[in-house]
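I have placed the structure first, in the form of structure tokens, so that the comments after it can refer back to it.
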Amino acid sequence: MEKRQIAITLGVMCMLLTSGIIIQVNTTKKNTISSNVRISNSDLRDEVLEWKEKYERVYAEFQKSENQLEEIRQQVAKGNNTFTEEEQELKSINALLGLTDLTGEGIVVTVADNNNANIKDENLFEELVHNLDIIGIVNELKNSGAEAISINGQRVLSTTAIDCAGAVITVNGEKINSPFVISAIGNKDLLNGITRPGSYIGFMEEGGVIVKIEKSDEVKIPKYNKVINAKHMTTKK
């Protein structure tokens, strides 16, 4: 009988102990989940605050740029022509340097070899166009006030070389052939003065070279299509 009571008592104690362990485990899980939730919420709050600070910095920069842009708008609205004047000055400089296409009144001079020349003709040299002839015409055009010149589409600059390599003429290092079309922008009546008696053009015509001159209100001259390299020039500091 005593053994039976002891067994019952031990069984009840085991049940109570098991129940206590289960309750403790469940309590621990709840506390762990609650702690993790608190940590997660804290991390999320910190990240939100960090992004809020980034947004405020970016927005402040945006506002600064917007204010600067508004100042520029107001300057333009008040008739401030500074930017327009600088742009116009830059365009003028580019035109003088040959870095932009140009259109204006002027003349077009076309000179060509005499195709009827005979190789046995004593005057054959005079009946062909040489680089010195091109140079002579260009110099006369400049002296007559030409503001821009091109030869067969090659823009003439202060550094342009008009050379002769055997039977071939080169301008800016590019080969050109007869007929040679020399376009010049300027006062067309003054430029047409290169046809005066005793001029270089007259001398070429007397030699047998074919010459044609046209005055025009719309002479087109292309920009210089190469890179301008200044090896020795420097700006004064």
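Chain labels follow the order of the structure tokens: the first chain is A, the next B, and so on; residue numbering restarts at 1 in every chain, and ligands are counted from 1 in their shown order.
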
For this session: Could you give me, as a PyMOL selection string, the residues within 12 Å of A:Phe203, counting only C-alpha atoms and dropping anything in the same chain fewer than 5 positions from it?
Result: chain A and resi 126-127+129+133+136-137+194-198+208-211

Problem set entry | Distance of atom CA of A:Lys231 from atom CA of A:Asn143, expressed in Å to one decimal place |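 Atom CA of A:Lys231 lies 28.3 Å from atom CA of A:Asn143.
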
Problem set entry | Among listed residues A:Asn187, A:Gln63, A:Asn225, A:Thr100, nearest A:Ser144 (using only C-alpha atoms) |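 Between A:Asn187, A:Gln63, A:Asn225, A:Thr100, the residue approaching A:Ser144 most closely is A:Asn187.
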
Contact check, stretch 92-147 of chain A to stretch 158-168 of chain A, at most 12 Å, counting only C-alpha atoms, closest pairs as CSV:
residue,atom,partner,partner_atom,distance
A:Leu96,CA,A:Ser158,CA,10.1
A:Leu97,CA,A:Ser158,CA,8.8
A:Gly98,CA,A:Ser158,CA,9.7
A:Asp113,CA,A:Ala167,CA,11.8
A:Phe125,CA,A:Ala167,CA,11.3
A:Leu128,CA,A:Ala167,CA,9.9
A:Val129,CA,A:Ala167,CA,9.9
A:His130,CA,A:Cys164,CA,7.4
A:Asn131,CA,A:Cys164,CA,5.7
A:Leu132,CA,A:Ile162,CA,8.1
A:Asp133,CA,A:Ile162,CA,10.0
A:Ile134,CA,A:Ile162,CA,7.6
A:Ile135,CA,A:Ile162,CA,6.9
A:Gly136,CA,A:Ile162,CA,10.6
A:Ile137,CA,A:Ile162,CA,11.7
A:Val138,CA,A:Ile162,CA,10.1
A:Asn139,CA,A:Ser158,CA,11.5
A:Lys142,CA,A:Ser158,CA,11.1
A:Glu147,CA,A:Ser158,CA,12.0

Exercise. Which is closest to A:Leu102 among A:Val171, A:Val227, A:Leu190, A:Val219, if we use only C-alpha atoms?
Worked result: A:Val219

For this session: Please measure the separation of atom CA of A:Ser178 and atom CA of A:Ala112, giving the value in Å to one decimal.
Result: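 Interatomic distance, atom CA of A:Ser178 to atom CA of A:Ala112: 5.2 Å.
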
Seminar exercise, completed: Correct to one decimal, the distance atom CA of A:Ile221-atom CA of A:Asn114 is 26.3 Å

Selection: 7 Å around A:Gly106, only C-alpha atoms, excl. self and same-chain fewer than 4 positions, as a PDB file with N, CA and C atoms, in the first residue's frame:
ATOM      1  N   ALA A 184      35.491  84.350-101.708  1.00  0.00           N
ATOM      2  CA  ALA A 184      35.881  85.404-100.766  1.00  0.00           C
ATOM      3  C   ALA A 184      34.646  86.185-100.337  1.00  0.00           C
ATOM      4  N   ILE A 185      34.526  86.425 -99.028  1.00  0.00           N
ATOM      5  CA  ILE A 185      33.442  87.237 -98.487  1.00  0.00           C
ATOM      6  C   ILE A 185      33.972  88.629 -98.175  1.00  0.00           C
ATOM      7  N   GLY A 186      33.227  89.628 -98.588  1.00  0.00           N
ATOM      8  CA  GLY A 186      33.611  91.027 -98.392  1.00  0.00           C
ATOM      9  C   GLY A 186      32.759  91.905 -99.293  1.00  0.00           C
ATOM     10  N   ASN A 187      33.106  93.162 -99.374  1.00  0.00           N
ATOM     11  CA  ASN A 187      32.404  94.055-100.290  1.00  0.00           C
ATOM     12  C   ASN A 187      32.654  93.579-101.719  1.00  0.00           C
ATOM     13  N   LYS A 188      31.591  93.110-102.373  1.00  0.00           N
ATOM     14  CA  LYS A 188      31.775  92.457-103.675  1.00  0.00           C
ATOM     15  C   LYS A 188      32.317  93.411-104.739  1.00  0.00           C
ATOM     16  N   LEU A 191      36.073  93.834-103.927  1.00  0.00           N
ATOM     17  CA  LEU A 191      36.787  92.594-104.247  1.00  0.00           C
ATOM     18  C   LEU A 191      36.908  92.398-105.744  1.00  0.00           C
ATOM     19  N   LYS A 215      30.253  87.905-109.042  1.00  0.00           N
ATOM     20  CA  LYS A 215      29.856  88.589-107.815  1.00  0.00           C
ATOM     21  C   LYS A 215      28.583  87.926-107.297  1.00  0.00           C
ATOM     22  N   SER A 216      28.474  87.845-105.971  1.00  0.00           N
ATOM     23  CA  SER A 216      27.320  87.157-105.392  1.00  0.00           C
ATOM     24  C   SER A 216      26.939  87.790-104.055  1.00  0.00           C
ATOM     25  N   ASP A 217      25.641  87.710-103.754  1.00  0.00           N
ATOM     26  CA  ASP A 217      25.166  88.187-102.449  1.00  0.00           C
ATOM     27  C   ASP A 217      25.173  87.070-101.413  1.00  0.00           C
ATOM     28  N   VAL A 219      27.817  84.220-100.800  1.00  0.00           N
ATOM     29  CA  VAL A 219      29.001  83.376-100.919  1.00  0.00           C
ATOM     30  C   VAL A 219      29.109  82.538 -99.647  1.00  0.00           C
TER      31      VAL A 219
END

Problem set entry | Among the residues A:Ile201, A:Ala146, A:Ile72, A:Ile93, the one that comes closest to A:Glu105 [using only C-alpha atoms] |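 Of the candidates, the smallest distance to A:Glu105 is held by A:Ala146.
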
For this session: Could you check which of A:Gly207, A:Leu99, A:Thr234, A:Lys212 is closest to A:Val156, using only C-alpha atoms?
Result: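 Going through A:Gly207, A:Leu99, A:Thr234, A:Lys212 one by one, the smallest distance to A:Val156 is for A:Leu99.
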